[in-house]
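What follows is structure-v8.tsv (TSV, C-alpha atoms).
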chain	number	residue	atom	x	y	z
A	18	MET	CA	95.00	41.29	21.41
A	19	LEU	CA	94.52	38.10	19.44
A	20	ASN	CA	91.47	38.13	17.23
A	21	ARG	CA	90.13	35.55	14.86
A	22	ARG	CA	92.33	36.61	11.97
A	23	ASP	CA	95.44	36.63	14.14
A	24	PHE	CA	94.51	33.21	15.46
A	25	LEU	CA	94.22	31.80	11.96
A	26	ARG	CA	97.65	33.13	11.08
A	27	THR	CA	99.30	31.35	14.00
A	28	GLY	CA	98.22	27.95	12.73
A	29	ALA	CA	97.31	27.06	16.28
A	30	MET	CA	94.09	25.44	15.18
A	31	ALA	CA	95.98	22.64	13.48
A	32	SER	CA	97.96	21.95	16.65
A	33	THR	CA	94.77	21.38	18.62
A	34	GLY	CA	93.60	18.65	16.28
A	35	LEU	CA	90.35	20.51	15.76
A	36	LEU	CA	90.79	21.68	12.17
A	37	LEU	CA	87.43	21.18	10.55
A	38	ALA	CA	86.45	20.09	7.10
A	39	PRO	CA	85.87	22.92	4.59
A	40	GLU	CA	82.14	22.31	4.51
A	41	ILE	CA	81.88	23.02	8.24
A	42	LEU	CA	83.70	26.34	7.81
A	43	SER	CA	81.54	27.45	4.90
A	44	ALA	CA	79.23	30.44	5.08
A	45	TYR	CA	76.72	30.42	7.91
A	46	LYS	CA	73.08	29.80	7.29
A	47	PRO	CA	70.83	32.70	8.28
A	48	LYS	CA	69.91	31.02	11.55
A	49	TYR	CA	72.29	31.50	14.48
A	50	ILE	CA	73.97	28.52	16.12
A	51	GLY	CA	74.86	29.62	19.64
A	52	LEU	CA	77.11	28.40	22.43
A	53	GLN	CA	76.66	28.98	26.15
A	54	LEU	CA	80.20	29.82	27.28
A	55	TYR	CA	79.75	27.95	30.57
A	56	THR	CA	80.66	24.89	28.51
A	57	VAL	CA	84.18	26.29	28.00
A	58	ARG	CA	84.35	28.16	31.31
A	59	ASP	CA	87.83	26.94	32.32
A	60	LEU	CA	89.28	28.02	28.96
A	61	MET	CA	87.46	31.35	29.12
A	62	ALA	CA	88.93	31.97	32.58
A	63	LYS	CA	92.47	31.47	31.28
A	64	GLU	CA	92.42	32.75	27.69
A	65	PRO	CA	89.07	34.34	26.82
A	66	VAL	CA	90.13	35.97	23.54
A	67	LEU	CA	91.82	32.86	22.17
A	68	THR	CA	88.90	30.71	23.31
A	69	LEU	CA	86.37	32.92	21.54
A	70	ALA	CA	88.45	32.68	18.37
A	71	ARG	CA	88.37	28.90	18.60
A	72	VAL	CA	84.60	28.89	19.23
A	73	SER	CA	84.12	30.98	16.10
A	74	GLU	CA	86.34	28.72	14.02
A	75	ILE	CA	84.29	25.68	14.98
A	76	GLY	CA	81.36	27.48	13.38
A	77	PHE	CA	79.34	28.99	16.20
A	78	ASN	CA	78.23	32.50	15.32
A	79	CYS	CA	76.44	33.46	18.50
A	80	ILE	CA	77.23	33.27	22.22
A	81	GLU	CA	75.61	33.47	25.62
A	82	THR	CA	77.81	34.57	28.51
A	83	ALA	CA	77.94	32.98	31.94
A	84	THR	CA	79.97	35.36	34.12
A	85	TYR	CA	79.22	38.96	34.93
A	86	THR	CA	78.22	38.75	38.58
A	87	GLY	CA	80.70	40.15	41.09
A	88	SER	CA	83.30	41.77	38.87
A	89	GLN	CA	80.69	43.52	36.71
A	90	ARG	CA	82.97	42.75	33.77
A	91	PHE	CA	82.74	40.34	30.87
A	92	TYR	CA	85.50	37.76	31.33
A	93	GLY	CA	87.81	40.50	32.60
A	94	MET	CA	86.84	42.98	29.86
A	95	ASP	CA	84.64	46.04	30.02
A	96	ALA	CA	81.57	46.14	27.79
A	97	ALA	CA	83.22	48.03	24.93
A	98	ASN	CA	86.28	45.77	24.76
A	99	PHE	CA	84.22	42.60	25.01
A	100	LYS	CA	81.92	43.80	22.24
A	101	ARG	CA	84.97	44.52	20.06
A	102	VAL	CA	86.47	41.06	20.63
A	103	LEU	CA	83.17	39.43	19.69
A	104	SER	CA	82.93	41.55	16.55
A	105	ASP	CA	86.50	40.62	15.59
A	106	ASN	CA	85.46	36.98	15.77
A	107	ASP	CA	82.10	37.35	13.99
A	108	LEU	CA	80.21	36.37	17.13
A	109	HIS	CA	76.77	37.80	17.84
A	110	TYR	CA	76.17	38.54	21.51
A	111	ALA	CA	72.57	37.51	22.09
A	112	SER	CA	72.20	36.63	25.75
A	113	GLY	CA	73.86	36.64	29.14
A	114	HIS	CA	73.28	34.86	32.45
A	115	TYR	CA	72.82	36.68	35.75
A	116	LEU	CA	71.91	35.65	39.28
A	117	LEU	CA	68.94	36.64	41.42
A	118	GLY	CA	71.35	37.52	44.24
A	119	GLU	CA	68.78	37.35	47.03
A	120	SER	CA	71.03	35.11	49.13
A	121	MET	CA	74.23	37.06	48.35
A	122	PRO	CA	73.43	40.68	49.26
A	123	ASP	CA	77.07	41.83	49.04
A	124	THR	CA	77.54	40.60	45.47
A	125	LYS	CA	77.01	43.20	42.78
A	126	GLY	CA	75.71	42.72	39.28
A	127	THR	CA	72.68	40.65	40.30
A	128	ILE	CA	68.95	41.26	40.03
A	129	SER	CA	68.95	42.13	43.74
A	130	ASN	CA	72.06	44.34	43.82
A	131	GLY	CA	73.33	46.60	41.07
A	132	TRP	CA	70.82	45.54	38.44
A	133	GLU	CA	70.64	48.99	36.86
A	134	LYS	CA	74.42	48.94	36.27
A	135	ALA	CA	74.22	45.40	34.92
A	136	VAL	CA	71.52	46.50	32.46
A	137	GLU	CA	73.56	49.54	31.47
A	138	ASP	CA	76.62	47.38	30.74
A	139	ALA	CA	74.52	44.82	28.89
A	140	HIS	CA	73.07	47.56	26.71
A	141	GLU	CA	76.54	48.90	25.93
A	142	ALA	CA	77.70	45.39	24.97
A	143	GLY	CA	74.73	45.02	22.61
A	144	LEU	CA	72.91	42.34	24.58
A	145	LYS	CA	69.41	41.29	23.49
A	146	TYR	CA	68.47	39.07	26.44
A	147	MET	CA	69.39	38.97	30.14
A	148	VAL	CA	68.60	35.70	31.87
A	149	CYS	CA	68.07	34.82	35.52
A	150	ALA	CA	70.24	31.72	35.43
A	151	TYR	CA	69.74	29.89	38.70
A	152	LEU	CA	68.13	30.06	42.11
A	153	MET	CA	70.35	29.13	45.04
A	154	ASP	CA	68.91	26.70	47.61
A	155	ALA	CA	67.96	29.57	49.93
A	156	GLU	CA	66.18	31.36	47.06
A	157	ARG	CA	63.68	28.59	46.36
A	158	GLY	CA	61.44	27.72	49.31
A	159	THR	CA	57.66	27.72	49.25
A	160	LEU	CA	55.26	28.58	46.46
A	161	ASP	CA	54.77	31.97	48.13
A	162	HIS	CA	58.51	32.52	47.90
A	163	TYR	CA	58.37	31.73	44.19
A	164	LYS	CA	55.61	34.33	43.85
A	165	GLN	CA	57.88	36.87	45.54
A	166	THR	CA	60.62	35.89	43.11
A	167	ALA	CA	58.18	36.44	40.25
A	168	ASP	CA	57.55	39.97	41.55
A	169	LYS	CA	61.31	40.64	41.57
A	170	LEU	CA	61.59	39.31	38.02
A	171	ASN	CA	58.78	41.58	36.88
A	172	ARG	CA	60.54	44.63	38.32
A	173	ALA	CA	63.86	43.57	36.81
A	174	GLY	CA	62.16	42.92	33.49
A	175	GLU	CA	60.71	46.42	33.44
A	176	ILE	CA	64.16	47.95	33.98
A	177	ALA	CA	65.62	45.75	31.23
A	178	LYS	CA	62.78	46.65	28.88
A	179	GLN	CA	63.58	50.34	29.24
A	180	ALA	CA	67.02	49.53	27.79
A	181	GLY	CA	65.53	47.47	24.95
A	182	ILE	CA	66.49	44.16	26.59
A	183	GLN	CA	64.24	41.18	27.27
A	184	LEU	CA	64.51	39.40	30.64
A	185	CYS	CA	64.16	35.61	30.71
A	186	TYR	CA	64.23	32.88	33.35
A	187	HIS	CA	66.33	29.73	32.91
A	188	ASN	CA	65.10	26.51	34.50
A	189	HIS	CA	66.75	23.50	36.05
A	190	ASP	CA	64.78	20.52	37.36
A	191	PHE	CA	63.94	21.71	40.89
A	192	GLU	CA	61.23	24.04	39.57
A	193	PHE	CA	59.28	20.93	38.55
A	194	ILE	CA	59.12	19.38	42.02
A	195	ALA	CA	55.47	19.72	43.06
A	196	GLN	CA	54.43	21.56	46.20
A	197	ASP	CA	50.81	21.23	47.32
A	198	GLY	CA	49.95	19.86	43.90
A	199	LYS	CA	51.52	22.78	42.04
A	200	LEU	CA	54.80	23.19	40.20
A	201	PRO	CA	56.99	26.18	41.10
A	202	TYR	CA	57.66	26.57	37.37
A	203	ASP	CA	53.95	27.07	36.73
A	204	VAL	CA	53.90	29.69	39.51
A	205	LEU	CA	56.76	31.54	37.84
A	206	LEU	CA	54.99	31.35	34.47
A	207	SER	CA	51.63	32.55	35.78
A	208	SER	CA	52.94	35.16	38.21
A	209	THR	CA	55.24	36.98	35.81
A	210	ASP	CA	54.14	39.37	33.08
A	211	LYS	CA	54.49	37.44	29.83
A	212	GLU	CA	55.90	40.51	28.11
A	213	LEU	CA	58.40	41.41	30.82
A	214	VAL	CA	59.62	37.90	31.65
A	215	LYS	CA	60.00	35.19	29.07
A	216	MET	CA	61.65	31.78	29.46
A	217	GLU	CA	64.88	30.17	28.41
A	218	LEU	CA	63.98	26.48	28.33
A	219	ASP	CA	66.82	24.12	29.20
A	220	LEU	CA	65.78	20.99	27.35
A	221	TYR	CA	68.05	18.66	29.31
A	222	TRP	CA	66.63	19.71	32.68
A	223	VAL	CA	63.06	19.58	31.38
A	224	TYR	CA	63.57	15.96	30.34
A	225	LYS	CA	65.42	15.21	33.58
A	226	ALA	CA	62.28	16.39	35.40
A	227	LYS	CA	60.14	14.16	33.15
A	228	GLN	CA	58.32	17.10	31.58
A	229	ASP	CA	57.24	17.62	27.98
A	230	PRO	CA	58.67	20.78	26.37
A	231	ILE	CA	56.18	20.67	23.51
A	232	ALA	CA	53.29	20.67	26.01
A	233	LEU	CA	54.86	23.74	27.61
A	234	PHE	CA	55.08	25.45	24.22
A	235	ASN	CA	51.46	24.68	23.42
A	236	ALA	CA	50.26	25.93	26.81
A	237	ASN	CA	52.37	29.09	26.66
A	238	PRO	CA	52.90	29.99	22.99
A	239	GLY	CA	55.56	32.58	22.28
A	240	ARG	CA	56.93	32.47	25.83
A	241	PHE	CA	60.17	30.56	25.04
A	242	PRO	CA	62.46	32.68	22.83
A	243	LEU	CA	65.62	31.00	24.15
A	244	TRP	CA	66.56	27.32	24.47
A	245	HIS	CA	69.50	25.39	25.82
A	246	VAL	CA	70.22	22.52	23.46
A	247	LYS	CA	71.83	20.00	25.75
A	248	ASP	CA	71.59	16.20	25.41
A	249	MET	CA	71.12	13.42	27.97
A	250	ASP	CA	72.91	10.10	27.66
A	251	ASN	CA	71.07	6.78	27.62
A	252	THR	CA	72.28	5.53	31.00
A	253	ALA	CA	70.76	5.22	34.45
A	254	LYS	CA	72.78	8.29	35.48
A	255	GLN	CA	71.23	10.40	32.69
A	256	ASP	CA	74.41	12.43	32.37
A	257	PHE	CA	75.24	15.24	29.96
A	258	THR	CA	76.46	14.28	26.50
A	259	GLU	CA	77.13	15.76	23.08
A	260	VAL	CA	74.05	16.73	21.05
A	261	GLY	CA	72.95	13.76	18.95
A	262	ASN	CA	74.53	11.20	21.28
A	263	GLY	CA	71.61	11.03	23.66
A	264	VAL	CA	67.89	10.48	23.99
A	265	ILE	CA	66.35	13.94	23.62
A	266	PRO	CA	64.27	14.14	20.40
A	267	PHE	CA	65.61	17.46	19.17
A	268	LYS	CA	64.12	17.17	15.69
A	269	ASN	CA	60.61	16.91	17.13
A	270	ILE	CA	61.26	19.84	19.45
A	271	PHE	CA	62.72	22.06	16.72
A	272	ALA	CA	59.63	21.38	14.62
A	273	GLN	CA	57.74	23.39	17.26
A	274	GLN	CA	60.02	26.42	17.30
A	275	LYS	CA	57.39	28.74	15.86
A	276	THR	CA	54.92	27.85	18.60
A	277	ALA	CA	57.62	28.33	21.22
A	278	GLY	CA	58.60	31.70	19.80
A	279	LEU	CA	62.23	30.63	19.43
A	280	LYS	CA	64.72	33.40	18.61
A	281	TYR	CA	68.07	31.93	19.73
A	282	PHE	CA	69.33	28.60	21.00
A	283	PHE	CA	72.61	27.73	22.67
A	284	ASN	CA	74.47	24.46	22.85
A	285	GLU	CA	75.55	23.76	26.40
A	286	GLN	CA	77.24	20.78	28.03
A	287	ASP	CA	77.80	21.25	31.75
A	288	LYS	CA	80.44	18.49	31.88
A	289	THR	CA	82.46	16.99	29.04
A	290	PRO	CA	84.44	13.73	29.08
A	291	GLY	CA	87.61	15.49	27.92
A	292	ASP	CA	88.51	18.61	25.97
A	293	PRO	CA	85.31	20.70	25.77
A	294	MET	CA	86.36	21.93	22.32
A	295	VAL	CA	86.10	18.36	21.04
A	296	SER	CA	82.61	18.02	22.53
A	297	ILE	CA	81.27	21.30	21.18
A	298	THR	CA	82.71	20.52	17.75
A	299	GLN	CA	80.78	17.26	17.71
A	300	SER	CA	77.60	18.97	18.89
A	301	PHE	CA	77.97	21.76	16.33
A	302	LYS	CA	78.31	19.28	13.46
A	303	TYR	CA	75.14	17.45	14.52
A	304	ILE	CA	73.17	20.67	15.00
A	305	LYS	CA	74.24	22.11	11.66
A	306	LYS	CA	73.49	18.91	9.76
A	307	ASN	CA	70.24	17.92	11.47
A	308	LEU	CA	68.53	20.84	13.20
A	309	VAL	CA	69.05	24.04	11.18
Written as structure tokens, that's how I'd like the structure from this file.
Amino acid sequence: MLNRRDFLRTGAMASTGLLLAPEILSAYKPKYIGLQLYTVRDLMAKEPVLTLARVSEIGFNCIETATYTGSQRFYGMDAANFKRVLSDNDLHYASGHYLLGESMPDTKGTISNGWEKAVEDAHEAGLKYMVCAYLMDAERGTLDHYKQTADKLNRAGEIAKQAGIQLCYHNHDFEFIAQDGKLPYDVLLSSTDKELVKMELDLYWVYKAKQDPIALFNANPGRFPLWHVKDMDNTAKQDFTEVGNGVIPFKNIFAQQKTAGLKYFFNEQDKTPGDPMVSITQSFKYIKKNLV
């Protein structure tokens, strides 16, 4: 199994063209700089151990996973092996994404099917946060349906809490489309127990929905321990871009981290113009220089 030290010995980093300046590879600051592994999903599907070594070498010291549902494994590894690979690469495992599963009753490892096993595996892997990542089209519906979803999140949050894990909910933009003068996101906030269900705020999607994250922090202090740090380009398409290339005022937002209750943040870029390693390297450099 190739770990970070083995990877360094191969010299493969130089062949990728991603060898970083010494100052980027210097000792980490106390604050974690995380990566959501969805950004490098294709690489993780092919060579997860090598990819994690490369992520670590760029400078990230914390990760959030994106695939557990279905296989009930972590990128093909059981909890113990995945935890060992992360340790070998000096990567802290803070958070993982999971699905509600309401519209996929035969799929295991979701909040609706096999949640207890998912929590057990997450606990074994050392996870701090489990996040409901996305609601399928059939899982959205009316405001009453969102209230039912909130009830499911509360129950799932109680099970996670018993294992010492905090449940969170990750937004996109559809939660900010008003129904009868109300936002589904506000229904989720008000209908979930603030101790059992906290929020992972995706800053790109909040801005895409023309919402103000700082107003959300002020209205719900301490409710947002996790963020996705993802930038939006300055075009009519408002596409994803590397952090620092776009229009989202990250410095202003990070100034409010105490109010938000921030514990971890993760760089994510759903689509990259080329090699995702090039994009996350650029984002990491900006984050390290300007935000932490």
_Contacts of His189 of chain A at 10 Å (all atoms listed in the file; same-chain gap of 3+ positions) as a PyMOL selection string_ = chain A and resi 150-152+192-193+202+218-226
*Record the distance separating atom CA of Trp244 of chain A and atom CA of Gly76 of chain A, expressed in Å with one decimal.*
18.5 Å
*asked:* One number please: atom CA of Lys199 of chain A to atom CA of Asn237 of chain A, in Å, one decimal.
replied: 16.6 Å
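Across the model, the gap from atom CA of Thr289 of chain A to atom CA of Tyr186 of chain A is 24.6 Å.
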Closest contacts (segment 169-251 of chain A/segment 108-114 of chain A, max 10 Å, only C-alpha atoms) as JSON lines:
{"residue": "A:Ile182", "atom": "CA", "partner": "A:Ser112", "partner_atom": "CA", "distance": 9.5}
{"residue": "A:Gln183", "atom": "CA", "partner": "A:Ser112", "partner_atom": "CA", "distance": 9.3}
{"residue": "A:Leu184", "atom": "CA", "partner": "A:Ser112", "partner_atom": "CA", "distance": 9.5}
{"residue": "A:Cys185", "atom": "CA", "partner": "A:His114", "partner_atom": "CA", "distance": 9.3}
{"residue": "A:Tyr186", "atom": "CA", "partner": "A:His114", "partner_atom": "CA", "distance": 9.3}
{"residue": "A:His187", "atom": "CA", "partner": "A:His114", "partner_atom": "CA", "distance": 8.7}
{"residue": "A:Leu243", "atom": "CA", "partner": "A:Ser112", "partner_atom": "CA", "distance": 8.8}
*With all atoms listed in the file as the basis for distance, which of A:Pro293, A:Leu117, A:Met216, A:Asn269 is at the shortest distance from Thr68 of chain A?*
A:Pro293
_When you look at Ala97 of chain A with a cut-off of 9 Å (counting all atoms listed in the file), what residues show up, excluding the ones that are within fewer than 6 positions of it in the same chain? I need them as a PyMOL selection string._
chain A and resi 138+141-142
*Choose the residue, out of A:Gln165, A:Thr252, A:Ser73, A:Asn262, that has the smallest atom-to-atom separation from Asn106 of chain A; count all atoms listed in the file.*
A:Ser73
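With distances taken over all atoms listed in the file, A:Ser120 is the one residue among A:Asn235, A:Thr276, A:Ser120, A:Asn171 lying closest to Glu156 of chain A.
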*Kindly indicate which residue among A:Phe91, A:Tyr55, A:Tyr146, A:Phe77 lies nearest to Phe301 of chain A, using all atoms listed in the file for the distances.*
A:Phe77
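Every residue within 6 Å of the file position (61.5, 33.5, 18.5), judged by all atoms listed in the file, is given as A:Pro242, A:Gly278, A:Leu279, A:Lys280.
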Just write the chosen residues, C-alpha atoms, as a CSV table (one decimal), in the frame of the given file.
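Result file follows (out-v1.csv):
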chain,number,residue,atom,x,y,z
A,242,PRO,CA,62.5,32.7,22.8
A,278,GLY,CA,58.6,31.7,19.8
A,279,LEU,CA,62.2,30.6,19.4
A,280,LYS,CA,64.7,33.4,18.6
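Between Glu74 of chain A and the residues A:Trp132, A:Leu160, A:Gln89, A:Met294, the shortest atom-to-atom distance, using only C-alpha atoms, involves A:Met294.
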*Residue neighbourhood Lys169 of chain A, 12 Å, all atoms listed in the file, exclusion window fewer than 2 positions, as number ranges by chain*: A: 116-119, 127-130, 132, 149, 156, 162-167, 171-176, 184, 186, 205, 208-210, 213-214
Save the residues we just selected, C-alpha atoms, as an mmCIF file, keeping the file's coordinate frame?
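selection.cif, written as the output of this step:
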data_model
loop_
_atom_site.group_PDB
_atom_site.id
_atom_site.type_symbol
_atom_site.label_atom_id
_atom_site.label_comp_id
_atom_site.auth_asym_id
_atom_site.auth_seq_id
_atom_site.Cartn_x
_atom_site.Cartn_y
_atom_site.Cartn_z
ATOM 1 C CA LEU A 116 71.910 35.650 39.280
ATOM 2 C CA LEU A 117 68.940 36.640 41.420
ATOM 3 C CA GLY A 118 71.350 37.520 44.240
ATOM 4 C CA GLU A 119 68.780 37.350 47.030
ATOM 5 C CA THR A 127 72.680 40.650 40.300
ATOM 6 C CA ILE A 128 68.950 41.260 40.030
ATOM 7 C CA SER A 129 68.950 42.130 43.740
ATOM 8 C CA ASN A 130 72.060 44.340 43.820
ATOM 9 C CA TRP A 132 70.820 45.540 38.440
ATOM 10 C CA CYS A 149 68.070 34.820 35.520
ATOM 11 C CA GLU A 156 66.180 31.360 47.060
ATOM 12 C CA HIS A 162 58.510 32.520 47.900
ATOM 13 C CA TYR A 163 58.370 31.730 44.190
ATOM 14 C CA LYS A 164 55.610 34.330 43.850
ATOM 15 C CA GLN A 165 57.880 36.870 45.540
ATOM 16 C CA THR A 166 60.620 35.890 43.110
ATOM 17 C CA ALA A 167 58.180 36.440 40.250
ATOM 18 C CA ASN A 171 58.780 41.580 36.880
ATOM 19 C CA ARG A 172 60.540 44.630 38.320
ATOM 20 C CA ALA A 173 63.860 43.570 36.810
ATOM 21 C CA GLY A 174 62.160 42.920 33.490
ATOM 22 C CA GLU A 175 60.710 46.420 33.440
ATOM 23 C CA ILE A 176 64.160 47.950 33.980
ATOM 24 C CA LEU A 184 64.510 39.400 30.640
ATOM 25 C CA TYR A 186 64.230 32.880 33.350
ATOM 26 C CA LEU A 205 56.760 31.540 37.840
ATOM 27 C CA SER A 208 52.940 35.160 38.210
ATOM 28 C CA THR A 209 55.240 36.980 35.810
ATOM 29 C CA ASP A 210 54.140 39.370 33.080
ATOM 30 C CA LEU A 213 58.400 41.410 30.820
ATOM 31 C CA VAL A 214 59.620 37.900 31.650
#
*Can you pull out every residue within 9 Å of Leu308 of chain A, counting all atoms listed in the file, but drop anything in the same chain fewer than 4 positions away, and send it as JSON, numbers by chain?*
{"A": [267, 268, 271, 303, 304]}
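Each of A:Lys125, A:Ser300, A:Gly143, A:Val309 was compared to Lys100 of chain A using only C-alpha atoms, and A:Gly143 turns out to be the nearest.
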*asked:* Taking 5 positions as the minimum chain separation for residues in the same chain, which residues sit within 10 Å of Ile265 of chain A when counting all atoms listed in the file? Answer as a ChimeraX atom specification.
replied: /A:220-221,224,246-251,260,270
